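What follows is my_file_18.cif (mmCIF, C-alpha atoms).
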```
data_input
loop_
_atom_site.label_atom_id
_atom_site.label_comp_id
_atom_site.auth_asym_id
_atom_site.auth_seq_id
_atom_site.Cartn_x
_atom_site.Cartn_y
_atom_site.Cartn_z
CA MET I 1 69.69 -154.20 -85.59
CA LEU I 2 66.90 -156.07 -87.43
CA ARG I 3 67.35 -159.10 -85.23
CA ALA I 4 67.09 -156.97 -82.09
CA GLY I 5 63.80 -155.47 -83.34
CA VAL I 6 62.36 -158.89 -84.11
CA SER I 7 63.35 -160.17 -80.65
CA GLU I 8 61.59 -157.22 -79.01
CA VAL I 9 58.38 -157.88 -80.96
CA VAL I 10 58.51 -161.59 -80.14
CA GLY I 11 59.01 -160.72 -76.47
CA TYR I 12 55.94 -158.49 -76.45
CA LEU I 13 53.87 -161.22 -78.14
CA LEU I 14 55.01 -163.79 -75.59
CA ILE I 15 54.11 -161.48 -72.68
CA LEU I 16 50.75 -160.72 -74.27
CA SER I 17 50.04 -164.41 -74.85
CA ILE I 18 50.91 -165.30 -71.26
CA THR I 19 48.73 -162.44 -69.95
CA VAL I 20 45.77 -163.55 -72.11
CA CYS I 21 46.20 -167.15 -70.94
CA ILE I 22 46.29 -166.11 -67.29
CA ILE I 23 43.17 -163.92 -67.68
CA SER I 24 41.36 -166.74 -69.51
CA VAL I 25 42.17 -169.23 -66.75
CA ILE I 26 41.04 -166.81 -64.05
CA TYR I 27 37.85 -166.02 -65.98
CA ALA I 28 37.04 -169.68 -66.67
CA GLY I 29 37.69 -170.74 -63.09
CA GLY I 30 36.43 -167.69 -61.27
CA MET I 31 33.23 -166.80 -63.11
CA PRO I 32 31.30 -169.92 -62.01
CA ILE I 33 32.26 -169.15 -58.41
CA ILE I 34 31.18 -165.53 -58.79
CA GLU I 35 27.90 -166.59 -60.43
CA GLN I 36 27.22 -169.15 -57.68
CA THR I 37 27.88 -166.48 -55.05
CA ARG I 38 25.40 -164.18 -56.77
CA GLU I 39 22.79 -166.93 -56.90
CA ASN I 40 23.28 -167.77 -53.23
CA ALA I 41 22.89 -164.09 -52.30
CA ALA I 42 19.72 -163.80 -54.43
CA PHE I 43 18.28 -166.98 -52.88
CA LYS I 44 19.03 -165.84 -49.32
CA SER I 45 17.47 -162.45 -50.04
CA MET I 46 14.32 -164.19 -51.32
CA GLU I 47 14.16 -166.33 -48.16
CA ASN I 48 13.92 -163.16 -46.08
CA ALA I 49 11.43 -161.66 -48.53
CA PHE I 50 9.11 -164.69 -48.32
CA ILE I 51 9.16 -164.61 -44.52
CA ALA I 52 8.19 -160.93 -44.65
CA MET I 53 5.53 -161.77 -47.24
CA GLN I 54 4.18 -164.47 -44.92
CA LYS I 55 3.40 -161.75 -42.34
CA SER I 56 1.58 -159.66 -44.95
CA ILE I 57 -0.54 -162.63 -46.03
CA GLU I 58 -1.41 -163.35 -42.38
CA LYS I 59 -2.66 -159.78 -41.91
CA VAL I 60 -4.96 -160.17 -44.91
CA ALA I 61 -6.03 -163.73 -44.07
CA PHE I 62 -6.88 -162.87 -40.44
CA GLY I 63 -8.92 -159.85 -41.54
CA GLN I 64 -6.55 -157.20 -40.14
CA SER I 65 -6.44 -155.61 -43.60
CA PRO I 66 -8.78 -156.06 -46.62
CA SER I 67 -5.82 -156.02 -49.01
CA LEU I 68 -2.07 -155.46 -49.06
CA SER I 69 0.60 -155.18 -51.72
CA PHE I 70 4.06 -156.67 -51.47
CA LYS I 71 7.11 -156.07 -53.66
CA LEU I 72 9.65 -158.71 -54.64
CA ASN I 73 13.00 -157.90 -56.20
CA LEU I 74 13.65 -160.69 -58.68
CA ALA I 75 17.33 -160.13 -59.41
CA LYS I 76 17.40 -163.78 -60.44
CA GLY I 77 14.80 -166.52 -60.75
CA SER I 78 11.03 -166.37 -61.20
CA VAL I 79 7.90 -166.50 -59.04
CA SER I 80 4.46 -167.97 -59.78
CA THR I 81 1.32 -169.22 -58.07
CA LYS I 82 -0.06 -172.74 -58.11
CA LYS I 83 -3.85 -173.03 -57.80
CA VAL I 84 -3.84 -176.44 -56.10
CA ALA I 85 -0.62 -177.33 -54.28
CA GLY I 86 -2.11 -179.87 -51.88
CA ASN I 87 -4.70 -180.43 -49.18
CA ILE I 88 -5.01 -180.92 -45.43
CA THR I 89 -7.52 -183.33 -43.94
CA ILE I 90 -8.60 -183.40 -40.29
CA ILE I 91 -10.31 -186.57 -39.05
CA GLY I 92 -11.80 -187.04 -35.60
CA SER I 93 -14.82 -188.48 -33.83
CA PHE I 94 -16.77 -185.54 -35.33
CA GLY I 95 -16.11 -186.85 -38.87
CA SER I 96 -13.66 -185.35 -41.34
CA SER I 97 -12.89 -181.97 -42.87
CA SER I 98 -10.67 -181.56 -45.94
CA HIS I 99 -9.37 -178.32 -47.47
CA THR I 100 -7.21 -177.65 -50.52
CA PHE I 101 -4.57 -174.92 -50.59
CA GLY I 102 -2.57 -173.13 -53.27
CA SER I 103 0.99 -171.86 -53.11
CA ILE I 104 3.44 -169.19 -54.23
CA GLU I 105 6.75 -170.56 -55.50
CA TYR I 106 10.08 -168.88 -56.21
CA THR I 107 12.39 -170.91 -58.45
CA LEU I 108 16.11 -170.39 -58.96
CA GLY I 109 17.73 -173.24 -60.85
CA SER I 110 17.00 -176.45 -58.95
CA ARG I 111 16.13 -174.65 -55.69
CA LYS I 112 12.80 -173.24 -54.55
CA ILE I 113 11.21 -171.18 -51.79
CA ILE I 114 7.52 -171.89 -51.29
CA TYR I 115 4.70 -170.24 -49.38
CA GLU I 116 2.16 -172.99 -48.73
CA ASN I 117 -0.69 -173.22 -46.22
CA GLY I 118 0.82 -170.51 -44.02
CA ALA I 119 4.37 -171.95 -44.01
CA VAL I 120 7.55 -170.91 -45.80
CA ILE I 121 9.40 -173.94 -47.16
CA GLU I 122 12.88 -174.19 -48.65
CA TYR I 123 13.46 -176.92 -51.23
CA SER I 124 16.68 -178.22 -52.79
CA PRO I 125 17.45 -181.51 -54.54
CA GLY I 126 18.68 -182.83 -51.18
CA GLY I 127 15.34 -182.31 -49.41
CA CYS I 128 13.04 -179.66 -47.95
CA ILE I 129 12.42 -177.98 -44.61
CA ILE I 130 9.99 -175.43 -43.18
CA ILE I 131 11.97 -172.27 -42.41
CA SER I 132 9.04 -170.26 -40.99
CA ASN I 133 6.23 -172.09 -39.23
CA PRO I 134 2.54 -171.97 -40.19
CA PRO I 135 -0.20 -171.00 -37.70
CA ILE I 136 -0.62 -174.64 -36.62
CA PHE I 137 0.27 -175.47 -33.04
CA PHE I 138 -0.53 -177.64 -30.04
CA VAL I 139 -1.08 -176.59 -26.41
CA ASN I 140 -0.94 -179.04 -23.51
CA SER I 141 -1.77 -178.84 -19.81
CA SER I 142 -2.59 -181.43 -17.18
CA ASP I 143 -6.34 -181.17 -17.77
CA CYS I 144 -6.65 -180.19 -21.44
CA SER I 145 -4.80 -180.61 -24.75
CA HIS I 146 -5.77 -178.24 -27.56
CA ILE I 147 -4.96 -178.43 -31.27
CA PHE I 148 -5.13 -175.19 -33.26
CA ILE I 149 -5.11 -175.50 -37.06
CA SER I 150 -5.35 -172.48 -39.32
CA VAL I 151 -5.62 -173.31 -43.02
CA THR I 152 -4.53 -170.54 -45.40
CA ASN I 153 -5.63 -171.09 -48.99
CA ILE I 154 -3.92 -169.00 -51.68
CA SER I 155 -5.71 -168.74 -55.03
CA GLY I 156 -5.25 -166.73 -58.22
CA ASP I 157 -2.97 -166.55 -61.24
CA PHE I 158 0.34 -164.75 -61.03
CA SER I 159 3.79 -165.20 -62.54
CA ALA I 160 6.80 -162.94 -63.04
CA GLY I 161 10.52 -163.11 -63.72
CA GLY I 162 13.11 -160.35 -63.51
CA GLY I 163 13.02 -156.89 -62.00
CA THR I 164 10.82 -155.61 -59.20
CA VAL I 165 7.32 -157.09 -59.14
CA GLU I 166 4.30 -156.22 -57.01
CA ILE I 167 1.93 -158.86 -55.66
CA LEU I 168 -1.52 -157.92 -54.38
CA PHE I 169 -3.25 -159.95 -51.65
CA HIS I 170 -7.02 -159.66 -51.18
CA HIS I 171 -9.10 -160.93 -48.26
CA GLN I 172 -12.03 -163.21 -49.11
CA ASN I 173 -15.01 -163.13 -46.78
CA ASP I 174 -15.73 -166.88 -46.91
CA TYR I 175 -13.88 -167.37 -43.61
CA SER I 176 -14.95 -170.37 -41.54
CA SER I 177 -14.25 -171.61 -38.03
CA TYR I 178 -15.10 -174.93 -36.39
CA THR I 179 -14.75 -176.09 -32.78
CA PRO I 180 -16.26 -179.56 -32.24
CA PRO I 181 -16.98 -181.11 -28.83
CA PRO I 182 -14.09 -182.86 -27.00
CA LEU I 183 -12.57 -185.62 -29.11
CA SER I 184 -11.02 -189.00 -28.50
CA PHE I 185 -8.48 -188.50 -31.31
CA VAL I 186 -7.47 -186.10 -34.07
CA ASN I 187 -5.71 -187.27 -37.23
CA ILE I 188 -3.93 -184.63 -39.34
CA SER I 189 -2.88 -185.60 -42.86
CA ILE I 190 -1.28 -183.37 -45.50
CA ARG I 191 -0.87 -184.10 -49.19
CA SER I 192 1.88 -181.96 -50.71
CA SER I 193 5.00 -182.12 -52.88
CA TYR I 194 6.80 -181.05 -49.70
CA ALA I 195 5.35 -183.70 -47.38
CA GLU I 196 8.84 -184.34 -45.98
CA ALA I 197 8.97 -180.80 -44.57
CA TRP I 198 5.41 -181.02 -43.22
CA SER I 199 6.15 -184.36 -41.53
CA ARG I 200 9.20 -182.91 -39.76
CA PHE I 201 7.17 -179.91 -38.61
CA LEU I 202 4.26 -181.98 -37.24
CA ASN I 203 6.53 -184.47 -35.45
CA LYS I 204 8.67 -181.73 -33.88
CA SER I 205 5.57 -179.78 -32.79
CA TYR I 206 4.26 -182.94 -31.14
CA GLU I 207 7.57 -183.66 -29.39
CA ASP I 208 7.96 -180.06 -28.20
CA THR I 209 4.41 -180.05 -26.78
CA PHE I 210 3.96 -183.55 -25.36
CA GLY I 211 7.59 -184.47 -24.66
CA GLU I 212 7.65 -187.71 -26.65
CA HIS I 213 7.93 -188.82 -30.25
CA PRO I 214 4.47 -189.58 -31.71
CA LYS I 215 3.58 -193.26 -31.87
CA ASN I 216 1.28 -192.92 -34.85
CA ALA I 217 2.89 -190.78 -37.56
CA GLY I 218 4.44 -191.36 -40.95
CA LYS I 219 5.08 -190.13 -44.47
CA ASN I 220 5.73 -191.15 -48.03
CA LYS I 221 6.75 -189.11 -51.07
CA ASN I 222 3.74 -186.75 -51.22
CA PHE I 223 1.76 -187.54 -48.07
CA CYS I 224 2.25 -187.39 -44.30
CA TRP I 225 0.07 -187.88 -41.25
CA LEU I 226 0.02 -187.49 -37.47
CA ASN I 227 -2.49 -189.00 -35.08
CA ILE I 228 -3.07 -187.48 -31.62
CA SER I 229 -5.10 -189.57 -29.15
CA LYS I 230 -6.30 -188.50 -25.73
CA GLY I 231 -4.50 -190.03 -22.76
CA GLU I 232 -1.55 -191.11 -24.94
CA ASN I 233 2.07 -189.84 -24.71
CA GLY I 234 1.23 -187.09 -22.25
CA VAL I 235 -1.91 -185.96 -24.11
CA ALA I 236 -4.65 -184.97 -21.64
CA SER I 237 -7.92 -186.89 -21.43
CA ASP I 238 -9.71 -183.72 -22.59
CA LEU I 239 -8.68 -183.27 -26.25
CA ARG I 240 -10.03 -180.26 -28.16
CA LEU I 241 -9.70 -178.87 -31.67
CA THR I 242 -10.09 -175.45 -33.25
CA LEU I 243 -10.06 -175.39 -37.05
CA VAL I 244 -10.07 -172.11 -38.97
CA VAL I 245 -10.00 -171.68 -42.76
CA HIS I 246 -8.84 -168.46 -44.46
CA ASN I 247 -8.93 -167.66 -48.18
CA VAL I 248 -6.67 -165.10 -49.87
CA THR I 249 -6.57 -164.24 -53.58
CA VAL I 250 -3.36 -163.20 -55.36
CA SER I 251 -3.00 -160.89 -58.35
CA GLY I 252 -0.33 -158.79 -60.01
#
```

Go ahead and express the file in the form of structure tokens.
Amino acid sequence: MLRAGVSEVVGYLLILSITVCIISVIYAGGMPIIEQTRENAAFKSMENAFIAMQKSIEKVAFGQSPSLSFKLNLAKGSVSTKKVAGNITIIGSFGSSSHTFGSIEYTLGSRKIIYENGAVIEYSPGGCIIISNPPIFFVNSSDCSHIFISVTNISGDFSAGGGTVEILFHHQNDYSSYTPPPLSFVNISIRSSYAEAWSRFLNKSYEDTFGEHPKNAGKNKNFCWLNISKGENGVASDLRLTLVVHNVTVSG
């Protein structure tokens, strides 16, 4: 009778031990996968949020609204502004014009989403790409090629992590626009931590507009450039430039 009771207790302990072991294995193996899935969902949600935020910033920058607020749900990660993220320099027969720009960065582990000079950029340790284009584009016809460059400078101090945060964008009135006489060439250079993404964007824009890969373009770690010359690679002999600079302040 005593032996039967002991056997029953031992049986329960064995079943309990096996159950605990199985749960531990599932927890140890499954939790990282679950956590990675949550992070991927949070990152994808922030991608969409930054693209929507890009539209709000454009409305303020282009003077369609004096100020706008935008809410971000930071389920994971953090967001902050950078006063000086890089600069863009335009060189032509008129001389040169250089403008710095700030950025808004969302960081989740080793990955980032960045709003910089009108573009939304996705960064991972493997590289970076522009996922929503800036207001920089080229137009080409048989008699005229036109380069439109809109610089959007973000300035201000802001940082937050966790929960729902509200960002305020304010229009600054020191807007400037410049349209020089026809040019023989235009050189666009961008200094940024994400020069790889900017180089891809400029080269693709050139190819899509003029039908050929640019002959004079390049990049290194934090710098890229593109030269457009009249009468070259399908570029018309009449080459024109419109350069506009917008300034937007950010606050919490």

Polymer residues at most 12 Å from (10.7, -190.1, -51.8) by all atoms listed in the file, as a PyMOL selection string: chain I and resi 125-128+193-197+219-224

Export of prior selection with C-alpha atoms as an mmCIF file, in the coordinates of the input:
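Listing of again_23.cif after writing:
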```cif
data_model
loop_
_atom_site.group_PDB
_atom_site.id
_atom_site.type_symbol
_atom_site.label_atom_id
_atom_site.label_comp_id
_atom_site.auth_asym_id
_atom_site.auth_seq_id
_atom_site.Cartn_x
_atom_site.Cartn_y
_atom_site.Cartn_z
ATOM 1 C CA PRO I 125 17.450 -181.510 -54.540
ATOM 2 C CA GLY I 126 18.680 -182.830 -51.180
ATOM 3 C CA GLY I 127 15.340 -182.310 -49.410
ATOM 4 C CA CYS I 128 13.040 -179.660 -47.950
ATOM 5 C CA SER I 193 5.000 -182.120 -52.880
ATOM 6 C CA TYR I 194 6.800 -181.050 -49.700
ATOM 7 C CA ALA I 195 5.350 -183.700 -47.380
ATOM 8 C CA GLU I 196 8.840 -184.340 -45.980
ATOM 9 C CA ALA I 197 8.970 -180.800 -44.570
ATOM 10 C CA LYS I 219 5.080 -190.130 -44.470
ATOM 11 C CA ASN I 220 5.730 -191.150 -48.030
ATOM 12 C CA LYS I 221 6.750 -189.110 -51.070
ATOM 13 C CA ASN I 222 3.740 -186.750 -51.220
ATOM 14 C CA PHE I 223 1.760 -187.540 -48.070
ATOM 15 C CA CYS I 224 2.250 -187.390 -44.300
#
```

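Across the structure, atom CA of I:Leu74 and atom CA of I:Ile130 are spaced 21.7 Å apart.
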
Polymer residues at most 6 Å from stretch 90-106 of chain I, only C-alpha atoms, same-chain spacing of 4 or more positions, as a PyMOL selection string: chain I and resi 78-86+112-116+153-155+183+185-188

Distance in Å - atom CA of I:Ser145 versus atom CA of I:Ser56: 29.8 Å

Report the centre and edge lengths, in Å to one decimal, of an axis-aligned box enclosing every atom of stretch 158-167 of chain I listed in the file, padded by 6 Å on each side, as lines of an AutoDock Vina configuration file.
```
center_x = 6.7
center_y = -160.4
center_z = -59.7
size_x = 24.8
size_y = 21.6
size_z = 20.1
```

Residue nearest I:Pro134 among I:Ser69, I:Gln54, I:Gln64, I:Thr242 (counting only C-alpha atoms):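 For I:Pro134, the nearest of the candidates is I:Gln54.
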
Report the closest atom pair, with its distance in Å rounded to one decimal, for each residue of stretch 61-88 of chain I that has an atom no farther than 7 Å from stretch 166-179 of chain I; count all atoms listed in the file, sort by chain and then rising residue number, and write it as CSV.
```
residue,atom,partner,partner_atom,distance
I:Ala61,CA,I:His171,CA,5.9
I:Gly63,CA,I:His171,CA,6.8
I:Pro66,CA,I:His171,CA,5.1
I:Ser67,CA,I:His170,CA,4.4
I:Leu68,CA,I:Phe169,CA,5.3
I:Ser69,CA,I:Leu168,CA,4.4
I:Phe70,CA,I:Ile167,CA,5.2
I:Lys71,CA,I:Glu166,CA,4.4
I:Leu72,CA,I:Glu166,CA,6.4
```

Atom-to-atom span, atom CA of I:Trp198 and atom CA of I:Gly234, Å: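 A separation of 22.2 Å between them.
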
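Minimum atom-to-atom distance to I:Ile51, evaluated using only C-alpha atoms, belongs to I:Ser132 out of I:Asn117, I:Thr89, I:Ser124, I:Ser132.
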
Find the nearest atom pair between each residue of stretch 22-137 of chain I and stretch 204-214 of chain I for residues within 12 Å, count all atoms listed in the file, give distances in Å to one decimal, sort rows by chain and ascending number, and present the table as JSON lines.
```
{"residue": "I:Ile129", "atom": "CA", "partner": "I:Lys204", "partner_atom": "CA", "distance": 12.0}
{"residue": "I:Ile130", "atom": "CA", "partner": "I:Lys204", "partner_atom": "CA", "distance": 11.3}
{"residue": "I:Asn133", "atom": "CA", "partner": "I:Ser205", "partner_atom": "CA", "distance": 10.1}
{"residue": "I:Pro134", "atom": "CA", "partner": "I:Ser205", "partner_atom": "CA", "distance": 11.2}
{"residue": "I:Pro135", "atom": "CA", "partner": "I:Ser205", "partner_atom": "CA", "distance": 11.6}
{"residue": "I:Ile136", "atom": "CA", "partner": "I:Ser205", "partner_atom": "CA", "distance": 8.9}
{"residue": "I:Phe137", "atom": "CA", "partner": "I:Ser205", "partner_atom": "CA", "distance": 6.8}
```

Residues selected by the PyMOL selection byres ((chain I and resi 215) around 9), written as number ranges by chain: I: 212-214, 216-217, 226-228, 232-233

Selection under test: the PyMOL selection byres ((chain I and resi 237) around 9); residues as a list in words: Ser142, Asp143, Cys144, Ser145, Ser184, Ser229, Lys230, Gly231, Glu232, Val235, Ala236, Asp238 and Leu239 of chain I

Shortest interatomic distance to I:Asn48 - which of I:Ile18, I:Val120, I:Val250, I:Leu202, counting only C-alpha atoms: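 Smallest distance to I:Asn48 is found for I:Val120.
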
Nearest to I:Leu108, chosen from I:Ile15, I:Ala41, I:Ile131, I:Ile147, with all atoms listed in the file counted in the distances: I:Ala41

Spatial neighbours of I:Thr152, max dist 6 Å, all atoms listed in the file, sep filter under 6 positions, as a list in words: Asn117, Gly118, His246 and Asn247 of chain I

Would you fill out stretch 41-67 of chain I with N, CA, C and O atoms and return it as a PDB file, keeping the file's coordinate frame?
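Output (part-v4.pdb):
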```pdb
ATOM      1  N   ALA I  41      23.325-165.361 -52.904  1.00  0.00           N
ATOM      2  CA  ALA I  41      22.890-164.090 -52.300  1.00  0.00           C
ATOM      3  C   ALA I  41      21.440-163.793 -52.684  1.00  0.00           C
ATOM      4  O   ALA I  41      20.642-163.351 -51.843  1.00  0.00           O
ATOM      5  N   ALA I  42      21.092-164.038 -53.968  1.00  0.00           N
ATOM      6  CA  ALA I  42      19.720-163.800 -54.430  1.00  0.00           C
ATOM      7  C   ALA I  42      18.742-164.736 -53.731  1.00  0.00           C
ATOM      8  O   ALA I  42      17.641-164.329 -53.333  1.00  0.00           O
ATOM      9  N   PHE I  43      19.148-165.995 -53.526  1.00  0.00           N
ATOM     10  CA  PHE I  43      18.280-166.980 -52.880  1.00  0.00           C
ATOM     11  C   PHE I  43      18.061-166.622 -51.408  1.00  0.00           C
ATOM     12  O   PHE I  43      16.935-166.691 -50.899  1.00  0.00           O
ATOM     13  N   LYS I  44      19.151-166.215 -50.726  1.00  0.00           N
ATOM     14  CA  LYS I  44      19.030-165.840 -49.320  1.00  0.00           C
ATOM     15  C   LYS I  44      18.156-164.599 -49.167  1.00  0.00           C
ATOM     16  O   LYS I  44      17.338-164.518 -48.240  1.00  0.00           O
ATOM     17  N   SER I  45      18.298-163.654 -50.079  1.00  0.00           N
ATOM     18  CA  SER I  45      17.470-162.450 -50.040  1.00  0.00           C
ATOM     19  C   SER I  45      15.992-162.817 -50.218  1.00  0.00           C
ATOM     20  O   SER I  45      15.114-162.248 -49.549  1.00  0.00           O
ATOM     21  N   MET I  46      15.709-163.790 -51.095  1.00  0.00           N
ATOM     22  CA  MET I  46      14.320-164.190 -51.320  1.00  0.00           C
ATOM     23  C   MET I  46      13.760-164.960 -50.124  1.00  0.00           C
ATOM     24  O   MET I  46      12.559-164.884 -49.847  1.00  0.00           O
ATOM     25  N   GLU I  47      14.602-165.691 -49.410  1.00  0.00           N
ATOM     26  CA  GLU I  47      14.160-166.330 -48.160  1.00  0.00           C
ATOM     27  C   GLU I  47      13.583-165.287 -47.210  1.00  0.00           C
ATOM     28  O   GLU I  47      12.480-165.439 -46.678  1.00  0.00           O
ATOM     29  N   ASN I  48      14.353-164.227 -46.986  1.00  0.00           N
ATOM     30  CA  ASN I  48      13.920-163.160 -46.080  1.00  0.00           C
ATOM     31  C   ASN I  48      12.658-162.472 -46.609  1.00  0.00           C
ATOM     32  O   ASN I  48      11.770-162.117 -45.833  1.00  0.00           O
ATOM     33  N   ALA I  49      12.590-162.308 -47.934  1.00  0.00           N
ATOM     34  CA  ALA I  49      11.430-161.660 -48.530  1.00  0.00           C
ATOM     35  C   ALA I  49      10.171-162.505 -48.328  1.00  0.00           C
ATOM     36  O   ALA I  49       9.093-161.977 -48.017  1.00  0.00           O
ATOM     37  N   PHE I  50      10.279-163.821 -48.482  1.00  0.00           N
ATOM     38  CA  PHE I  50       9.110-164.690 -48.320  1.00  0.00           C
ATOM     39  C   PHE I  50       8.633-164.722 -46.867  1.00  0.00           C
ATOM     40  O   PHE I  50       7.425-164.821 -46.610  1.00  0.00           O
ATOM     41  N   ILE I  51       9.569-164.655 -45.929  1.00  0.00           N
ATOM     42  CA  ILE I  51       9.160-164.610 -44.520  1.00  0.00           C
ATOM     43  C   ILE I  51       8.427-163.309 -44.214  1.00  0.00           C
ATOM     44  O   ILE I  51       7.427-163.295 -43.481  1.00  0.00           O
ATOM     45  N   ALA I  52       8.905-162.206 -44.801  1.00  0.00           N
ATOM     46  CA  ALA I  52       8.190-160.930 -44.650  1.00  0.00           C
ATOM     47  C   ALA I  52       6.836-160.990 -45.338  1.00  0.00           C
ATOM     48  O   ALA I  52       5.828-160.469 -44.823  1.00  0.00           O
ATOM     49  N   MET I  53       6.790-161.621 -46.514  1.00  0.00           N
ATOM     50  CA  MET I  53       5.530-161.770 -47.240  1.00  0.00           C
ATOM     51  C   MET I  53       4.531-162.621 -46.459  1.00  0.00           C
ATOM     52  O   MET I  53       3.314-162.363 -46.472  1.00  0.00           O
ATOM     53  N   GLN I  54       5.024-163.622 -45.762  1.00  0.00           N
ATOM     54  CA  GLN I  54       4.180-164.470 -44.920  1.00  0.00           C
ATOM     55  C   GLN I  54       3.401-163.623 -43.914  1.00  0.00           C
ATOM     56  O   GLN I  54       2.205-163.842 -43.691  1.00  0.00           O
ATOM     57  N   LYS I  55       4.068-162.624 -43.317  1.00  0.00           N
ATOM     58  CA  LYS I  55       3.400-161.750 -42.340  1.00  0.00           C
ATOM     59  C   LYS I  55       2.315-160.912 -43.003  1.00  0.00           C
ATOM     60  O   LYS I  55       1.246-160.697 -42.423  1.00  0.00           O
ATOM     61  N   SER I  56       2.583-160.449 -44.227  1.00  0.00           N
ATOM     62  CA  SER I  56       1.580-159.660 -44.950  1.00  0.00           C
ATOM     63  C   SER I  56       0.351-160.507 -45.278  1.00  0.00           C
ATOM     64  O   SER I  56      -0.795-160.044 -45.144  1.00  0.00           O
ATOM     65  N   ILE I  57       0.582-161.741 -45.709  1.00  0.00           N
ATOM     66  CA  ILE I  57      -0.540-162.630 -46.030  1.00  0.00           C
ATOM     67  C   ILE I  57      -1.365-162.916 -44.776  1.00  0.00           C
ATOM     68  O   ILE I  57      -2.603-162.956 -44.826  1.00  0.00           O
ATOM     69  N   GLU I  58      -0.698-163.102 -43.634  1.00  0.00           N
ATOM     70  CA  GLU I  58      -1.410-163.350 -42.380  1.00  0.00           C
ATOM     71  C   GLU I  58      -2.324-162.175 -42.032  1.00  0.00           C
ATOM     72  O   GLU I  58      -3.459-162.374 -41.583  1.00  0.00           O
ATOM     73  N   LYS I  59      -1.834-160.956 -42.221  1.00  0.00           N
ATOM     74  CA  LYS I  59      -2.660-159.780 -41.910  1.00  0.00           C
ATOM     75  C   LYS I  59      -3.931-159.773 -42.752  1.00  0.00           C
ATOM     76  O   LYS I  59      -5.010-159.451 -42.259  1.00  0.00           O
ATOM     77  N   VAL I  60      -3.794-160.135 -44.024  1.00  0.00           N
ATOM     78  CA  VAL I  60      -4.960-160.170 -44.910  1.00  0.00           C
ATOM     79  C   VAL I  60      -5.857-161.355 -44.569  1.00  0.00           C
ATOM     80  O   VAL I  60      -7.080-161.218 -44.466  1.00  0.00           O
ATOM     81  N   ALA I  61      -5.259-162.527 -44.363  1.00  0.00           N
ATOM     82  CA  ALA I  61      -6.030-163.730 -44.070  1.00  0.00           C
ATOM     83  C   ALA I  61      -6.833-163.587 -42.772  1.00  0.00           C
ATOM     84  O   ALA I  61      -7.999-163.993 -42.703  1.00  0.00           O
ATOM     85  N   PHE I  62      -6.219-162.992 -41.742  1.00  0.00           N
ATOM     86  CA  PHE I  62      -6.880-162.870 -40.440  1.00  0.00           C
ATOM     87  C   PHE I  62      -7.803-161.656 -40.367  1.00  0.00           C
ATOM     88  O   PHE I  62      -8.338-161.338 -39.313  1.00  0.00           O
ATOM     89  N   GLY I  63      -7.976-160.951 -41.488  1.00  0.00           N
ATOM     90  CA  GLY I  63      -8.920-159.850 -41.540  1.00  0.00           C
ATOM     91  C   GLY I  63      -8.412-158.549 -40.947  1.00  0.00           C
ATOM     92  O   GLY I  63      -9.192-157.611 -40.742  1.00  0.00           O
ATOM     93  N   GLN I  64      -7.097-158.443 -40.681  1.00  0.00           N
ATOM     94  CA  GLN I  64      -6.550-157.200 -40.140  1.00  0.00           C
ATOM     95  C   GLN I  64      -6.452-156.115 -41.207  1.00  0.00           C
ATOM     96  O   GLN I  64      -6.371-154.927 -40.888  1.00  0.00           O
ATOM     97  N   SER I  65      -6.450-156.547 -42.484  1.00  0.00           N
ATOM     98  CA  SER I  65      -6.440-155.610 -43.600  1.00  0.00           C
ATOM     99  C   SER I  65      -7.178-156.245 -44.774  1.00  0.00           C
ATOM    100  O   SER I  65      -6.995-157.434 -45.037  1.00  0.00           O
ATOM    101  N   PRO I  66      -8.040-155.471 -45.480  1.00  0.00           N
ATOM    102  CA  PRO I  66      -8.780-156.060 -46.620  1.00  0.00           C
ATOM    103  C   PRO I  66      -7.877-156.430 -47.785  1.00  0.00           C
ATOM    104  O   PRO I  66      -8.161-157.362 -48.529  1.00  0.00           O
ATOM    105  N   SER I  67      -6.764-155.719 -47.937  1.00  0.00           N
ATOM    106  CA  SER I  67      -5.820-156.020 -49.010  1.00  0.00           C
ATOM    107  C   SER I  67      -4.462-155.383 -48.696  1.00  0.00           C
ATOM    108  O   SER I  67      -4.388-154.387 -47.977  1.00  0.00           O
TER     109      SER I  67
END
```
